[in-house]
>>> print(open('protein_21.cif').read())   # mmCIF, C-alpha atoms
data_protein
#
loop_
_atom_site.label_atom_id
_atom_site.label_comp_id
_atom_site.auth_asym_id
_atom_site.auth_seq_id
_atom_site.Cartn_x
_atom_site.Cartn_y
_atom_site.Cartn_z
CA MET A 1 108.30 129.77 61.43
CA THR A 2 111.80 131.19 61.71
CA VAL A 3 113.29 131.15 65.21
CA SER A 4 114.76 134.51 66.22
CA ALA A 5 118.30 134.80 67.49
CA SER A 6 117.02 135.21 71.05
CA GLU A 7 114.64 132.21 71.12
CA PRO A 8 115.58 128.73 72.33
CA CYS A 9 114.89 125.70 70.15
CA ALA A 10 111.19 124.87 70.44
CA GLU A 11 111.77 121.12 70.71
CA TRP A 12 114.06 121.64 73.72
CA ALA A 13 111.89 124.09 75.67
CA LEU A 14 110.19 121.61 78.03
CA THR A 15 113.34 119.52 78.37
CA LEU A 16 115.25 122.56 79.62
CA HIS A 17 112.72 122.98 82.44
CA GLY A 18 113.26 119.36 83.48
CA PHE A 19 117.02 119.84 83.29
CA VAL A 20 116.92 122.92 85.54
CA ASP A 21 114.76 121.08 88.10
CA GLY A 22 117.03 118.01 88.11
CA GLU A 23 114.21 115.76 86.89
CA LEU A 24 115.99 114.15 83.92
CA ASP A 25 117.69 110.79 84.03
CA ALA A 26 121.37 110.48 83.19
CA VAL A 27 120.80 109.76 79.48
CA HIS A 28 118.52 112.74 78.83
CA ALA A 29 120.63 115.06 81.00
CA LEU A 30 123.66 114.17 78.86
CA GLN A 31 121.69 114.91 75.69
CA VAL A 32 120.79 118.36 77.05
CA GLU A 33 124.39 119.09 78.02
CA ARG A 34 125.58 118.17 74.51
CA HIS A 35 122.92 120.38 72.94
CA LEU A 36 123.78 123.32 75.22
CA ALA A 37 127.41 123.05 74.16
CA THR A 38 126.42 123.81 70.55
CA CYS A 39 123.35 126.07 70.94
CA SER A 40 123.87 129.57 72.34
CA HIS A 41 120.09 130.27 72.26
CA CYS A 42 119.28 127.40 74.61
CA ALA A 43 122.30 128.21 76.77
CA ARG A 44 120.91 131.73 77.31
CA GLU A 45 117.47 130.27 78.01
CA LEU A 46 119.01 127.95 80.62
CA GLU A 47 120.61 130.94 82.35
CA ARG A 48 117.23 132.71 82.36
CA LEU A 49 115.46 129.70 83.87
CA GLN A 50 118.14 129.30 86.54
CA ALA A 51 117.81 132.97 87.48
CA LEU A 52 114.01 132.64 87.61
CA LYS A 53 114.28 129.60 89.83
CA GLN A 54 116.51 131.49 92.26
CA VAL A 55 113.94 134.29 92.48
CA VAL A 56 111.01 131.90 93.01
CA GLY A 57 112.97 129.91 95.57
CA GLN A 58 114.08 132.82 97.74
CA GLN A 59 114.01 131.96 101.41
CA GLY A 60 111.09 133.53 103.23
CA VAL A 61 109.10 134.23 100.06
CA ARG A 62 105.62 132.69 99.88
CA TRP A 63 103.69 132.32 96.63
CA ARG A 64 99.92 132.35 97.17
CA THR A 65 97.68 130.19 95.01
CA PRO A 66 95.48 132.48 92.85
CA ASP A 67 91.83 132.31 93.85
CA HIS A 68 90.67 131.58 90.31
CA VAL A 69 93.02 128.58 90.05
CA ARG A 70 91.73 127.15 93.31
CA ALA A 71 88.16 127.69 92.13
CA GLN A 72 88.85 125.87 88.86
CA VAL A 73 90.37 122.91 90.71
CA LEU A 74 87.36 122.64 93.02
CA GLU A 75 84.99 122.94 90.05
CA ALA A 76 86.83 120.15 88.24
CA LEU A 77 86.61 117.92 91.32
CA THR A 78 82.87 118.61 91.61
CA ARG A 79 82.29 117.65 87.99
CA GLU A 80 84.26 114.44 88.45
CA ALA A 81 82.19 113.54 91.51
CA GLN A 82 78.96 114.07 89.56
CA VAL A 83 80.19 111.92 86.68
CA GLN A 84 81.18 109.14 89.07
CA GLU A 85 77.71 109.13 90.66
CA ARG A 86 76.08 108.58 87.27
CA SER A 87 78.65 106.11 86.01
CA GLN A 88 78.14 102.37 86.23
CA GLN A 89 81.87 101.66 86.15
CA PRO A 90 83.55 99.79 89.02
CA ARG A 91 84.84 102.09 91.75
CA SER A 92 88.50 101.37 90.90
CA ALA A 93 87.93 102.29 87.23
CA GLN A 94 86.17 105.52 88.26
CA ALA A 95 89.11 106.55 90.44
CA ASN A 96 91.65 105.81 87.71
CA ASP A 97 89.70 107.77 85.05
CA ALA A 98 89.13 110.74 87.35
CA GLY A 99 92.77 110.84 88.37
CA SER A 100 93.94 110.68 84.75
CA ARG A 101 91.68 113.52 83.61
CA LEU A 102 92.57 115.71 86.57
CA LEU A 103 96.29 115.07 86.06
CA GLY A 104 95.89 116.08 82.42
CA TRP A 105 94.20 119.33 83.48
CA ILE A 106 96.98 120.15 85.94
CA ARG A 107 99.65 119.45 83.32
CA GLN A 108 98.25 122.35 81.27
CA TRP A 109 99.74 124.71 83.88
CA LEU A 110 103.21 123.21 83.83
CA PHE A 111 104.34 125.17 80.78
CA VAL A 112 104.39 128.29 82.97
CA PRO A 113 107.58 128.06 85.10
CA SER A 114 106.21 130.17 87.96
CA LEU A 115 103.16 127.86 88.22
CA ALA A 116 105.04 124.57 88.16
CA ALA A 117 105.45 124.39 91.93
CA LEU A 118 101.86 125.56 92.37
CA ALA A 119 100.49 122.81 90.14
CA ALA A 120 102.55 120.21 91.97
CA SER A 121 101.24 121.36 95.34
CA LEU A 122 97.64 121.35 94.09
CA PHE A 123 98.04 117.82 92.79
CA LEU A 124 99.26 116.68 96.20
CA VAL A 125 96.03 117.94 97.75
CA VAL A 126 93.72 116.07 95.39
CA ALA A 127 95.78 112.97 94.58
CA PRO A 128 94.68 109.75 96.29
CA LEU A 129 96.81 108.58 99.19
CA HIS A 130 99.04 105.59 98.55
CA ASP A 131 98.49 102.59 100.76
CA VAL A 132 101.36 101.42 102.94
CA SER A 133 102.33 98.50 100.73
CA SER A 134 102.41 100.62 97.57
CA LEU A 135 104.43 103.33 99.30
CA GLN A 136 106.98 100.81 100.53
CA ASP A 137 107.33 99.50 96.99
CA GLU A 138 108.01 103.04 95.76
CA ILE A 139 110.59 103.61 98.49
CA VAL A 140 112.48 100.45 97.54
CA ALA A 141 112.19 101.37 93.85
CA GLY A 142 113.54 104.85 94.57
CA HIS A 143 116.53 103.37 96.39
CA VAL A 144 117.29 100.90 93.60
CA ARG A 145 116.76 103.54 90.90
CA SER A 146 119.31 105.83 92.54
CA LEU A 147 121.90 103.07 92.37
CA LEU A 148 121.17 101.89 88.82
CA ALA A 149 120.65 105.25 87.11
CA ASN A 150 123.91 106.77 88.37
CA HIS A 151 121.84 109.44 90.11
CA LEU A 152 122.69 108.80 93.74
CA THR A 153 123.36 112.45 94.61
CA ASP A 154 122.67 115.90 93.21
CA VAL A 155 125.03 117.39 95.78
CA ALA A 156 127.87 115.04 96.76
CA THR A 157 129.56 116.08 100.00
CA SER A 158 129.85 114.99 103.61
CA ASP A 159 129.45 118.62 104.74
CA GLN A 160 125.97 118.93 106.25
CA HIS A 161 126.24 122.74 106.04
CA THR A 162 126.52 122.43 102.25
CA VAL A 163 123.81 119.81 101.77
CA LYS A 164 121.09 121.52 103.83
CA PRO A 165 121.07 124.91 102.03
CA TRP A 166 121.27 123.11 98.67
CA PHE A 167 117.62 122.04 99.16
CA ASN A 168 116.43 125.66 99.40
CA GLY A 169 114.13 126.45 96.48
CA LYS A 170 114.03 122.84 95.28
CA ILE A 171 111.45 121.57 97.77
CA ASP A 172 108.79 123.29 99.88
CA PHE A 173 110.15 122.23 103.27
CA SER A 174 113.49 122.19 105.11
CA PRO A 175 114.81 118.69 105.90
CA PRO A 176 117.22 118.24 108.82
CA VAL A 177 120.71 117.23 107.68
CA VAL A 178 123.32 115.71 110.02
CA ASP A 179 126.60 113.90 109.47
CA LEU A 180 126.61 110.65 111.43
CA ALA A 181 130.21 109.63 110.72
CA PRO A 182 131.04 109.34 114.46
CA GLN A 183 128.16 106.86 114.79
CA GLY A 184 129.34 104.83 111.77
CA PHE A 185 127.06 106.37 109.14
CA PRO A 186 129.00 109.03 107.18
CA LEU A 187 126.97 111.43 105.06
CA VAL A 188 127.48 110.99 101.30
CA GLY A 189 125.23 113.76 99.95
CA GLY A 190 121.66 114.60 99.00
CA ARG A 191 119.28 114.85 96.08
CA VAL A 192 115.60 115.34 95.25
CA ASP A 193 113.47 112.35 94.26
CA TYR A 194 109.84 111.46 93.57
CA ILE A 195 108.02 109.18 96.04
CA GLY A 196 104.34 108.71 96.81
CA GLY A 197 103.16 111.28 94.27
CA ARG A 198 105.37 114.17 95.39
CA VAL A 199 108.91 115.55 95.28
CA VAL A 200 110.87 114.50 98.36
CA ALA A 201 114.31 115.07 99.84
CA ALA A 202 116.77 112.20 99.93
CA LEU A 203 119.82 112.00 102.21
CA ILE A 204 122.42 109.35 101.46
CA TYR A 205 124.56 107.66 104.09
CA ARG A 206 127.14 104.88 103.93
CA ARG A 207 127.51 101.88 106.23
CA ASN A 208 130.46 99.51 105.69
CA GLY A 209 130.36 99.97 101.92
CA HIS A 210 126.55 99.85 101.71
CA LEU A 211 124.48 102.89 100.75
CA ILE A 212 121.37 104.00 102.65
CA ASN A 213 118.70 106.38 101.36
CA ILE A 214 116.60 108.38 103.82
CA PHE A 215 113.58 109.83 102.02
CA ILE A 216 111.94 112.82 103.76
CA TRP A 217 108.66 114.63 103.12
CA PRO A 218 105.92 116.45 105.06
CA ALA A 219 103.26 114.11 106.49
CA PRO A 220 101.05 113.73 109.57
CA ALA A 221 102.68 112.10 112.59
CA ALA A 222 102.74 108.29 112.42
CA ALA A 223 104.07 105.47 114.56
CA ALA A 224 107.60 104.23 113.86
CA THR A 225 107.64 101.11 111.72
CA THR A 226 110.07 98.58 110.30
CA ALA A 227 109.64 96.41 107.23
CA SER A 228 111.53 94.20 104.78
CA ARG A 229 110.75 94.00 101.06
CA ASP A 230 112.62 92.24 98.27
CA GLY A 231 115.76 91.88 100.37
CA TYR A 232 115.81 95.51 101.53
CA ASN A 233 115.24 96.66 105.10
CA MET A 234 113.26 99.80 105.89
CA ALA A 235 112.61 101.93 108.96
CA SER A 236 110.18 104.85 109.11
CA TRP A 237 109.55 107.49 111.77
CA SER A 238 108.01 110.95 112.17
CA LYS A 239 109.22 114.21 113.70
CA ASP A 240 108.17 117.85 113.48
CA GLY A 241 105.66 117.28 110.69
CA LEU A 242 108.05 115.26 108.53
CA LEU A 243 108.11 111.56 107.67
CA PHE A 244 111.48 109.82 107.40
CA SER A 245 111.92 106.49 105.63
CA ALA A 246 115.34 104.80 105.50
CA VAL A 247 115.99 101.91 103.11
CA SER A 248 119.05 99.81 102.30
CA ASP A 249 120.38 96.28 101.95
CA VAL A 250 122.16 96.62 105.30
CA SER A 251 120.96 94.47 108.18
CA ALA A 252 117.78 95.27 110.07
CA ASP A 253 119.93 96.07 113.12
CA ASP A 254 121.92 98.64 111.13
CA ILE A 255 118.85 100.33 109.65
CA ASN A 256 117.27 100.58 113.12
CA ARG A 257 120.52 101.90 114.54
CA LEU A 258 120.55 104.61 111.86
CA ARG A 259 117.01 105.58 112.82
CA GLU A 260 118.01 105.85 116.47
CA VAL A 261 121.11 107.98 115.93
CA PHE A 262 119.44 110.19 113.32
CA ALA A 263 116.45 110.84 115.60
CA ALA A 264 118.80 111.55 118.52
CA ARG A 265 120.93 114.02 116.55
CA THR A 266 117.87 115.90 115.26
CA ALA A 267 116.04 115.99 118.60
CA GLY A 268 115.09 119.55 119.41
#
>>> encode(input="protein_21.cif", output="structure tokens")
Amino acid sequence: MTVSASEPCAEWALTLHGFVDGELDAVHALQVERHLATCSHCARELERLQALKQVVGQQGVRWRTPDHVRAQVLEALTREAQVQERSQQPRSAQANDAGSRLLGWIRQWLFVPSLAALAASLFLVVAPLHDVSSLQDEIVAGHVRSLLANHLTDVATSDQHTVKPWFNGKIDFSPPVVDLAPQGFPLVGGRVDYIGGRVVAALIYRRNGHLINIFIWPAPAAAATTASRDGYNMASWSKDGLLFSAVSDVSADDINRLREVFAARTAG
């Protein structure tokens, strides 16, 4: 089939969506940038996707889940429950198979840009909760990944008034952003990441040459906790329907101090 002058390259279509959403690693992002420099069709498609994302992400706009989509999700869950009742597989195998099939079904919707956020939110409702140990492993992995993949920040600035509005349209909640330079924790920037089965906000702070990630996402209120895994210290706390989890190789005293000053600055 001949591609018209107005169509993007078919093999780059899905990759462009990942590029617009900031979901590609440094290697693949560079490949896209090189392709865009030589392909006017994909460059126009990128502009279209960016404009669409701005419309979908307008502040104050709410996108309601279509009733038929919700019904299909519930029907799929019912079928999976019936299959599990008849199956003789171990419980862990049942859960893995059901999750894989449901994830495959949801992925069918991701080719429609306006439904991408919808599919992600639906998956959050039906995905199994991570246990504490697994979640802590993901938090540490997210911190290390940001340092190794040269993807520490999507918006690099110490200006909290620039970082906070940058998140608009990229996530479905508004994280508090404060510069803690007077307290010894200057703001470095922010980005979006993927922790515990969902897209989260990440704020980056510096402490005596060490970098600290604070991952933020909506969650029920939980008691403040501290932990240490693989040489990294963590501190978690809740406020206003959001969960905050700070992680770094700084001392436990420093990570707890950051929690204290951040909570104090964001107290309403």
>>> resolve_selection(input="protein_21.cif", expression="the PyMOL selection byres ((chain A and resi 226-228) around 12)", output="PyMOL selection string")
chain A and resi 132-133+135-137+139-140+223-225+229-237+244-257+259
>>> atom_distance(input="protein_21.cif", atom1="CA of Trp166 in chain A", atom2="CA of Val144 in chain A")
23.1 Å
>>> atom_distance(input="protein_21.cif", atom1="CA of Gly142 in chain A", atom2="CA of Arg206 in chain A")
16.5 Å
>>> atom_distance(input="protein_21.cif", atom1="CA of Asp25 in chain A", atom2="CA of His143 in chain A")
14.5 Å
>>> resolve_selection(input="protein_21.cif", expression="the PyMOL selection byres ((chain A and resi 217) around 9)", output="list in words")
Phe173, Pro175, Ile195, Arg198, Val199, Val200, Ala201, Phe215, Ile216, Pro218, Ala219, Gly241, Leu242, Leu243 and Phe244 of chain A
>>> resolve_selection(input="protein_21.cif", expression="the PyMOL selection byres ((chain A and resi 150-160) around 8)", output="ChimeraX atom specification")
/A:22,25-26,145-149,161-164,166,177-179,186-192,204
>>> residues_around(input="protein_21.cif", residues="range 15-18 of chain A", least_positions_apart="5", cutoff="9 Å", atoms="all atoms listed in the file", output="JSON, numbers by chain")
{"A": [23, 24, 28, 29, 32, 42, 45, 46, 49, 111, 113]}
>>> axis_aligned_box(input="protein_21.cif", around="range 9-27 of chain A", padding_each_side="3 Å", output="lines of an AutoDock Vina configuration file")
center_x = 115.8
center_y = 117.7
center_z = 79.1
size_x = 17.2
size_y = 21.9
size_z = 24.0
>>> closest_residue(input="protein_21.cif", among="A:Ala13, A:Ala181, A:Leu211, A:Leu77", to="Arg44 in chain A", atoms="all atoms listed in the file")
A:Ala13
>>> residues_near_point(input="protein_21.cif", point="(121.2, 125.7, 72.5)", cutoff="12 Å", atoms="only C-alpha atoms", output="PyMOL selection string")
chain A and resi 5-13+15-16+31-47
>>> closest_residue(input="protein_21.cif", among="A:Lys53, A:Ser238, A:Lys170, A:Ile212", to="Asp193 in chain A", atoms="all atoms listed in the file")
A:Lys170
>>> build_atoms(input="protein_21.cif", residues="range 229-251 of chain A", atoms="N, CA and C atoms", output="PDB file, in the coordinates of the input")
ATOM      1  N   ARG A 229     111.363  94.292 102.355  1.00  0.00           N
ATOM      2  CA  ARG A 229     110.750  94.000 101.060  1.00  0.00           C
ATOM      3  C   ARG A 229     111.836  93.719 100.038  1.00  0.00           C
ATOM      4  N   ASP A 230     111.707  92.587  99.371  1.00  0.00           N
ATOM      5  CA  ASP A 230     112.620  92.240  98.270  1.00  0.00           C
ATOM      6  C   ASP A 230     114.083  92.287  98.684  1.00  0.00           C
ATOM      7  N   GLY A 231     114.376  91.906  99.913  1.00  0.00           N
ATOM      8  CA  GLY A 231     115.760  91.880 100.370  1.00  0.00           C
ATOM      9  C   GLY A 231     116.264  93.198 100.921  1.00  0.00           C
ATOM     10  N   TYR A 232     115.410  94.208 100.996  1.00  0.00           N
ATOM     11  CA  TYR A 232     115.810  95.510 101.530  1.00  0.00           C
ATOM     12  C   TYR A 232     115.089  95.758 102.858  1.00  0.00           C
ATOM     13  N   ASN A 233     115.820  96.327 103.804  1.00  0.00           N
ATOM     14  CA  ASN A 233     115.240  96.660 105.100  1.00  0.00           C
ATOM     15  C   ASN A 233     114.879  98.136 105.143  1.00  0.00           C
ATOM     16  N   MET A 234     113.749  98.434 105.806  1.00  0.00           N
ATOM     17  CA  MET A 234     113.260  99.800 105.890  1.00  0.00           C
ATOM     18  C   MET A 234     112.892 100.135 107.330  1.00  0.00           C
ATOM     19  N   ALA A 235     113.045 101.411 107.660  1.00  0.00           N
ATOM     20  CA  ALA A 235     112.610 101.930 108.960  1.00  0.00           C
ATOM     21  C   ALA A 235     112.037 103.316 108.742  1.00  0.00           C
ATOM     22  N   SER A 236     110.844 103.554 109.282  1.00  0.00           N
ATOM     23  CA  SER A 236     110.180 104.850 109.110  1.00  0.00           C
ATOM     24  C   SER A 236     109.850 105.450 110.468  1.00  0.00           C
ATOM     25  N   TRP A 237     109.887 106.783 110.530  1.00  0.00           N
ATOM     26  CA  TRP A 237     109.550 107.490 111.770  1.00  0.00           C
ATOM     27  C   TRP A 237     109.127 108.920 111.426  1.00  0.00           C
ATOM     28  N   SER A 238     108.505 109.586 112.376  1.00  0.00           N
ATOM     29  CA  SER A 238     108.010 110.950 112.170  1.00  0.00           C
ATOM     30  C   SER A 238     108.629 111.897 113.192  1.00  0.00           C
ATOM     31  N   LYS A 239     108.748 113.175 112.771  1.00  0.00           N
ATOM     32  CA  LYS A 239     109.220 114.210 113.700  1.00  0.00           C
ATOM     33  C   LYS A 239     108.958 115.574 113.087  1.00  0.00           C
ATOM     34  N   ASP A 240     108.370 116.460 113.876  1.00  0.00           N
ATOM     35  CA  ASP A 240     108.170 117.850 113.480  1.00  0.00           C
ATOM     36  C   ASP A 240     107.456 117.990 112.135  1.00  0.00           C
ATOM     37  N   GLY A 241     106.439 117.177 111.916  1.00  0.00           N
ATOM     38  CA  GLY A 241     105.660 117.280 110.690  1.00  0.00           C
ATOM     39  C   GLY A 241     106.292 116.660 109.474  1.00  0.00           C
ATOM     40  N   LEU A 242     107.383 115.917 109.645  1.00  0.00           N
ATOM     41  CA  LEU A 242     108.050 115.260 108.530  1.00  0.00           C
ATOM     42  C   LEU A 242     108.062 113.744 108.740  1.00  0.00           C
ATOM     43  N   LEU A 243     107.997 113.018 107.634  1.00  0.00           N
ATOM     44  CA  LEU A 243     108.110 111.560 107.670  1.00  0.00           C
ATOM     45  C   LEU A 243     109.469 111.178 107.115  1.00  0.00           C
ATOM     46  N   PHE A 244     110.171 110.300 107.808  1.00  0.00           N
ATOM     47  CA  PHE A 244     111.480 109.820 107.400  1.00  0.00           C
ATOM     48  C   PHE A 244     111.375 108.327 107.089  1.00  0.00           C
ATOM     49  N   SER A 245     111.946 107.903 105.978  1.00  0.00           N
ATOM     50  CA  SER A 245     111.920 106.490 105.630  1.00  0.00           C
ATOM     51  C   SER A 245     113.292 106.086 105.097  1.00  0.00           C
ATOM     52  N   ALA A 246     114.000 105.259 105.872  1.00  0.00           N
ATOM     53  CA  ALA A 246     115.340 104.800 105.500  1.00  0.00           C
ATOM     54  C   ALA A 246     115.232 103.429 104.858  1.00  0.00           C
ATOM     55  N   VAL A 247     116.030 103.193 103.819  1.00  0.00           N
ATOM     56  CA  VAL A 247     115.990 101.910 103.110  1.00  0.00           C
ATOM     57  C   VAL A 247     117.388 101.555 102.625  1.00  0.00           C
ATOM     58  N   SER A 248     117.733 100.272 102.729  1.00  0.00           N
ATOM     59  CA  SER A 248     119.050  99.810 102.300  1.00  0.00           C
ATOM     60  C   SER A 248     119.089  98.288 102.359  1.00  0.00           C
ATOM     61  N   ASP A 249     120.175  97.725 101.818  1.00  0.00           N
ATOM     62  CA  ASP A 249     120.380  96.280 101.950  1.00  0.00           C
ATOM     63  C   ASP A 249     121.237  95.944 103.164  1.00  0.00           C
ATOM     64  N   VAL A 250     121.466  96.920 104.047  1.00  0.00           N
ATOM     65  CA  VAL A 250     122.160  96.620 105.300  1.00  0.00           C
ATOM     66  C   VAL A 250     121.241  95.793 106.189  1.00  0.00           C
ATOM     67  N   SER A 251     121.760  95.298 107.278  1.00  0.00           N
ATOM     68  CA  SER A 251     120.960  94.470 108.180  1.00  0.00           C
ATOM     69  C   SER A 251     119.860  95.295 108.846  1.00  0.00           C
TER      70      SER A 251
END
